[in-house]
Amino acid sequence: MKKFRVEKTLKTNSGSIRLGHLQLPVSSSGVVEDGDKKRSSERKNDYGTPMFFLHTQTGSIPHITAEVLQLIYPTSTPSISSQTPPVQISLDSTTKFMDALKKFGKGVGKFVGLSDYPIFLTVHDPLYLLRSGHNDKFGIALWSRHGRRPLSPQQYHEAATAFKPSICQVLSDYDVNPKISGTKRLQKSLDRAEEYTSCIIKQQETEPKNEALGLFITVEASWFQMDEGRATKTVLKLLESQHQIEGVVLAGLTDRFPKKDVEVKKNPSGKGSSGERERVDICQALDVDLLEKILQTLPPGLPKYIPGPLRIPEMMDLIAKGVDIFDSSVASRMADDAEVFLLDSVEALLPSISSTVVKLSSSLNEGLPERESNEKNQPSREDEEGAVVSLKNKKYFDDFGPLSSFCVCYTCRKHTRSYIHHLYATDELLGPVLIQIHNLTALDRFFSIMRTLIKECDTPESLQTKLDLIRNLLNNRILRQAEEEEKVAVQAHV
Amino acid sequence: KSALSFKILAECPVTKARTSLMTLPHGTIETPVFMPVGTQGSLKGLLPEQLEKLDCKLILGNTYHLGNRPGTDLMKKAGGLHNFMHWPHCLLTDSGGFQMVSLLELAEITEEGVKFKSPYDGSECMLTPEHSIQIQNTIGADIIMQLDDVVSSTTTGPRVKEAMERTIRWLDRCMAAHQFPEKQNLFPIVQGGLDPELRKECAKELIKRDTPGFAIGGLSGGESKDDFWRMVHISTDILPKIKPRYLMGVGFAEDLVVCCALGVDMYDCVFPTRTARFGCALTFTGQINLKQQKYSEDFSPIDPECNCSTCTNYTKAYLQKIVTHETVACHLLTVHNVRFQMRLMERIRSNIKNGTFVDFVKSFMLGIYPEKNYPTWSKEALEAVGINLS
Ligand SMILES: [Zn+2]
Ligand SMILES: [Zn+2]
């Protein structure tokens, strides 16, 4: 049975916007104890799309323990349309798990303390650049803080067996760069794609235990940049065994942009550096034409996942093209820089945009009884129409308001901007925790708004209008546009 | 007039141990109690709600750090530290003096106060007893500490006597400067180095003042354990039974058990939270370092009897993969280690209540030293209050 089903499609000039459902059973062998069984059966394993996966590193959502995750997505959620996202775990950040997981036998979800969550096993952590020159006929190179580790399709199959994910991404020879690779290199990559895919499918068939496992094939954007014809041919070939393939990972779109200010990631013990690998930047200029080309060759019945750190406006553009799945790697990255999503401008306008999205009542910061009203102390927020602000900014030093006045997350109910600013100024570990809580809540809220809008719109035009409106709000375009117009008027006058 | 009430629930018939209810403006605390240290207004990445779940209702903040960042102006605007960090339970702040002397190389002590160069702009500053109390009044903790003249516990000679006497003079200045005795409890600090006579003199002088409780300071700084326990023993002999006694900077499990037997009610230490960063987990049979390869395929929790969220959800094998390089690992071990301290204190309290404290001490010590190779100091300390380990 297919894991993905499209509920509704709105065709536009640039693609089809879809509303769908992805079913992800938690691997049954991954859940053994009675207590767990009870809890996971309570959880819906039917996920509305567009959706996102929770990004993890070494098996944990950065800064968020299983206990705190419960606070972000409590079983009784305040908003009816929100959903607890499933978890993405990359093999490169968990290379050291293999031996333990084989013996453990209950799957990686249980191992990392997230036994209730369906796991999507991907190959690479979307926050790091892939290095060139190390893939060969035996397999690909995985990069982690322990250095390079080669991975053959056979080893990958073993990993998938030990990890017991709900879905897993098929290996890909990612090392194709249109700027430096020749056609021979491209052909190698395409051939290996076929080889890896048929290899893992064959292995799947010999192992009845893995019945529940769904495969997502990997499609490299660079194939299409170099030779559309050959790329299309290969992709169609990969899809021949469609009954085994549940979705597509669109790779090479977000992971080719190095982060300019390469920082060494702090590690809690304060010694040594774990971040020698180069990190990717938050992607803000996606090649949408290229993406359209790729999407046209893919069957509509498969869900499409773009890994990597994307801001909300960029995710909206991709949703409008027909992309169904994202991940929260952007939030992991934002927590390092004290950046928070601000959906206030959208929330404020929601009643006029949508009749069915539940408008969250202005959040009440649960101040302590003797707290004086601090409203006078709150600086003007008019300059915060944008989608992202950084709490490292000094102007939040004495801002006793919540991160967002519309958010009902734990952080916004309990803590002030001033306190979070202080936590970052003093390098306290709680800062990133509070910001992750808010940002993961905001992402959930954003996707739930998207699903509701797609559901309630009858024509692609009406949906597009609403999406444009939201995008503009988030990009602060209205303000900028007004400025532009003013400039033009002044110039015309001169 | 005092903002503290202290009600002894049970006393050990053999040792000096007791269990009590200490009621403060932000709640009632069962003692003996361990206070984790939340230096800069947060406890090593834990949410207030997580601390509540661990049964931790009294934590410590550092005046020196908070006075620098975010500073008293903001603290005032925020309505105190309780509001600022959204912590509805009890707080204690130190005087800032100890941090200053230990962190700043150039700190110099004069009769007026602690003179130091600002680490930010190099300007010369002075922390006087009045100033320390003023900052602590703004922070608003339930218990505040006098500024004391801190000398290293290994210092000898006339300097120790001078520091002890100055500490008493500074107490009077602190008491005079204290603005909110009805909301905050000022504790004096027994000093006197490792000299029994000076300790006695200091304690006797301090108890002439009507303060809600007392602290024992200047210990746990590299002195021998033999000196350490004797100073505690001498101090608790003099300090009035009807008021809480706080031993500053102590937090190793063995020390806590021995000092409870010596009649101490409150403790603080950075150790349980600091050691979490390095992959260390505390258990009733000693600490374990999860970095060790031998845990890489150990699928049991740190302590199967521990009810913390870490032991409920995570195995040693997973912790072994992430300790010292993921902040999540730090959070997980902090949760467990704070819970361990709380469980240890719970056991101490319930055994005092049940009249089984002496048996508890014996079995606890046997847990850490299964070969019965007890350190001389703890054997002697426990013998001094009537527990014979061998
Ligand atoms: Zn929020
Ligand atoms: Zn535990």
# chains A, B, ... in the order shown; residues from 1 in each chain; ligands from 1
>>> residues_around(residues="range 147-157 of chain B", least_positions_apart="5", cutoff="10 Å", atoms="only C-alpha atoms", output="number ranges by chain")
B: 94-102, 109-111, 113-114, 127-133, 162-171, 173-174, 187-195, 217-224, 227-228
>>> residues_around(residues="Pro48 in chain B", least_positions_apart="5", cutoff="9 Å", atoms="only C-alpha atoms", output="ChimeraX atom specification")
/B:42-43,53,85-88
>>> write_last_selection(atoms="N, CA, C and O atoms", output="mmCIF file, in the first residue's frame")
data_model
loop_
_atom_site.group_PDB
_atom_site.id
_atom_site.type_symbol
_atom_site.label_atom_id
_atom_site.label_comp_id
_atom_site.auth_asym_id
_atom_site.auth_seq_id
_atom_site.Cartn_x
_atom_site.Cartn_y
_atom_site.Cartn_z
ATOM 1 N N SER B 42 19.821 31.137 34.986
ATOM 2 C CA SER B 42 19.217 29.940 34.398
ATOM 3 C C SER B 42 20.058 28.766 34.864
ATOM 4 O O SER B 42 21.227 28.930 35.180
ATOM 5 N N LEU B 43 19.432 27.605 34.907
ATOM 6 C CA LEU B 43 20.161 26.462 35.420
ATOM 7 C C LEU B 43 20.575 25.547 34.275
ATOM 8 O O LEU B 43 19.857 24.638 33.894
ATOM 9 N N LYS B 53 9.742 19.482 38.023
ATOM 10 C CA LYS B 53 9.533 18.033 37.912
ATOM 11 C C LYS B 53 10.597 17.249 38.677
ATOM 12 O O LYS B 53 10.357 16.120 39.096
ATOM 13 N N MET B 85 13.571 35.462 35.381
ATOM 14 C CA MET B 85 13.772 34.104 34.873
ATOM 15 C C MET B 85 12.527 33.241 34.961
ATOM 16 O O MET B 85 12.564 32.054 34.655
ATOM 17 N N HIS B 86 11.413 33.854 35.351
ATOM 18 C CA HIS B 86 10.146 33.158 35.479
ATOM 19 C C HIS B 86 10.269 31.944 36.397
ATOM 20 O O HIS B 86 9.942 30.806 36.026
ATOM 21 N N TRP B 87 10.766 32.208 37.589
ATOM 22 C CA TRP B 87 10.964 31.154 38.594
ATOM 23 C C TRP B 87 10.114 31.495 39.804
ATOM 24 O O TRP B 87 10.416 32.433 40.543
ATOM 25 N N PRO B 88 9.019 30.768 40.010
ATOM 26 C CA PRO B 88 8.105 31.135 41.095
ATOM 27 C C PRO B 88 8.537 30.624 42.458
ATOM 28 O O PRO B 88 7.922 30.966 43.456
#
>>> interface_residues(of="chain B", to="chain A", cutoff="9 Å", atoms="only C-alpha atoms", output="ChimeraX atom specification")
/B:40-47,50,69-70,74,77-79,82-88,277-279,296-299,309-310,312-315,317-319,321-332
>>> write_last_selection(atoms="C-alpha atoms", output="tab-separated table (two decimals), in the first residue's frame")
chain	number	residue	atom	x	y	z
B	40	GLN	CA	23.43	33.77	35.49
B	41	GLY	CA	19.70	33.39	35.92
B	42	SER	CA	19.22	29.94	34.40
B	43	LEU	CA	20.16	26.46	35.42
B	44	LYS	CA	22.37	24.96	32.70
B	45	GLY	CA	19.74	24.80	30.01
B	46	LEU	CA	16.87	23.44	32.12
B	47	LEU	CA	13.43	25.01	31.93
B	50	GLN	CA	11.89	20.73	34.34
B	69	ARG	CA	24.83	41.10	33.31
B	70	PRO	CA	22.03	41.99	32.99
B	74	LEU	CA	17.41	45.84	34.27
B	77	LYS	CA	12.83	46.97	35.68
B	78	ALA	CA	12.13	43.25	35.40
B	79	GLY	CA	10.87	43.20	38.98
B	82	HIS	CA	12.07	35.63	40.13
B	83	ASN	CA	10.22	37.51	37.42
B	84	PHE	CA	13.16	37.86	35.09
B	85	MET	CA	13.77	34.10	34.87
B	86	HIS	CA	10.15	33.16	35.48
B	87	TRP	CA	10.96	31.15	38.59
B	88	PRO	CA	8.10	31.14	41.10
B	277	ARG	CA	29.11	18.84	30.71
B	278	PHE	CA	32.02	16.44	30.85
B	279	GLY	CA	29.85	13.37	30.56
B	296	SER	CA	28.88	1.92	24.02
B	297	GLU	CA	26.60	-1.12	23.99
B	298	ASP	CA	25.10	-0.80	27.45
B	299	PHE	CA	21.37	-0.50	26.86
B	309	SER	CA	13.24	11.82	32.26
B	310	THR	CA	16.76	10.90	31.18
B	312	THR	CA	13.15	6.93	31.54
B	313	ASN	CA	13.97	7.67	27.90
B	314	TYR	CA	17.66	7.11	27.31
B	315	THR	CA	20.24	4.35	27.57
B	317	ALA	CA	24.77	3.46	25.02
B	318	TYR	CA	23.10	6.47	23.41
B	319	LEU	CA	24.49	8.90	25.97
B	321	LYS	CA	27.52	8.53	21.61
B	322	ILE	CA	26.61	12.13	22.37
B	323	VAL	CA	28.25	13.23	25.65
B	324	THR	CA	30.58	16.23	25.54
B	325	HIS	CA	29.64	17.31	22.02
B	326	GLU	CA	25.87	17.73	21.90
B	327	THR	CA	24.14	20.24	24.16
B	328	VAL	CA	21.31	17.73	24.47
B	329	ALA	CA	23.69	15.37	26.26
B	330	CYS	CA	24.55	18.15	28.68
B	331	HIS	CA	20.84	18.74	29.36
B	332	LEU	CA	20.19	15.04	29.84
>>> residues_near_ligand(ligand="ligand 1", cutoff="6 Å", atoms="only C-alpha atoms and all ligand atoms", output="count of residues only")
8
>>> residues_around(residues="Lys237 in chain A", least_positions_apart="5", cutoff="12 Å", atoms="only C-alpha atoms", output="PyMOL selection string")
chain A and resi 190-191+193-195+197-198+217+219+230-232+242+245+297-298
>>> residues_near_ligand(ligand="ligand 2", cutoff="8 Å", atoms="only C-alpha atoms and all ligand atoms", output="PDB file with C-alpha atoms, in the first residue's frame")
ATOM      1  CA  PRO B 301      19.648   3.569  31.894  1.00  0.00           C
ATOM      2  CA  ILE B 302      22.156   5.392  34.118  1.00  0.00           C
ATOM      3  CA  ASP B 303      20.197   4.246  37.152  1.00  0.00           C
ATOM      4  CA  PRO B 304      17.208   1.904  36.702  1.00  0.00           C
ATOM      5  CA  GLU B 305      15.751   3.182  39.965  1.00  0.00           C
ATOM      6  CA  CYS B 306      15.953   6.840  38.964  1.00  0.00           C
ATOM      7  CA  ASN B 307      12.686   8.354  37.817  1.00  0.00           C
ATOM      8  CA  CYS B 308      14.170  11.293  35.906  1.00  0.00           C
ATOM      9  CA  SER B 309      13.239  11.815  32.257  1.00  0.00           C
ATOM     10  CA  THR B 310      16.759  10.896  31.178  1.00  0.00           C
ATOM     11  CA  CYS B 311      16.686   7.504  32.847  1.00  0.00           C
ATOM     12  CA  THR B 312      13.151   6.926  31.544  1.00  0.00           C
ATOM     13  CA  LEU B 333      22.995  14.587  32.357  1.00  0.00           C
ATOM     14  CA  VAL B 335      18.559  16.550  34.590  1.00  0.00           C
ATOM     15  CA  HIS B 336      19.798  13.253  35.955  1.00  0.00           C
ATOM     16  CA  ASN B 337      22.460  14.760  38.220  1.00  0.00           C
ATOM     17  CA  ARG B 339      17.569  14.568  40.262  1.00  0.00           C
ATOM     18  CA  PHE B 340      20.266  12.443  41.880  1.00  0.00           C
TER      19      PHE B 340
END
>>> select_by_dssp(residues="range 166-364 of chain A", states="strand (DSSP E or B)", output="ChimeraX atom specification")
/A:167-169,214-220,245-251,258,279-280,283,304-305,310,325-327,339-341
>>> closest_residue(among="A:Gln23, A:Thr9, A:Thr254, A:Thr465", to="Leu129 in chain A", atoms="only C-alpha atoms")
A:Thr254
>>> residues_around(residues="Phe224 in chain A", least_positions_apart="4", cutoff="8 Å", atoms="only C-alpha atoms", output="PyMOL selection string")
chain A and resi 220+228-229+231-232+290+293-294
>>> write_last_selection(atoms="C-alpha atoms", output="mmCIF file, in the first residue's frame")
data_model
loop_
_atom_site.group_PDB
_atom_site.id
_atom_site.type_symbol
_atom_site.label_atom_id
_atom_site.label_comp_id
_atom_site.auth_asym_id
_atom_site.auth_seq_id
_atom_site.Cartn_x
_atom_site.Cartn_y
_atom_site.Cartn_z
ATOM 1 C CA GLU A 220 20.307 15.327 -8.066
ATOM 2 C CA GLU A 228 18.276 17.399 -19.059
ATOM 3 C CA GLY A 229 17.709 14.590 -21.542
ATOM 4 C CA ALA A 231 18.777 13.132 -16.438
ATOM 5 C CA THR A 232 15.140 12.583 -17.365
ATOM 6 C CA LEU A 290 15.551 24.221 -12.615
ATOM 7 C CA LYS A 293 12.069 21.221 -14.936
ATOM 8 C CA ILE A 294 12.808 18.465 -12.441
#
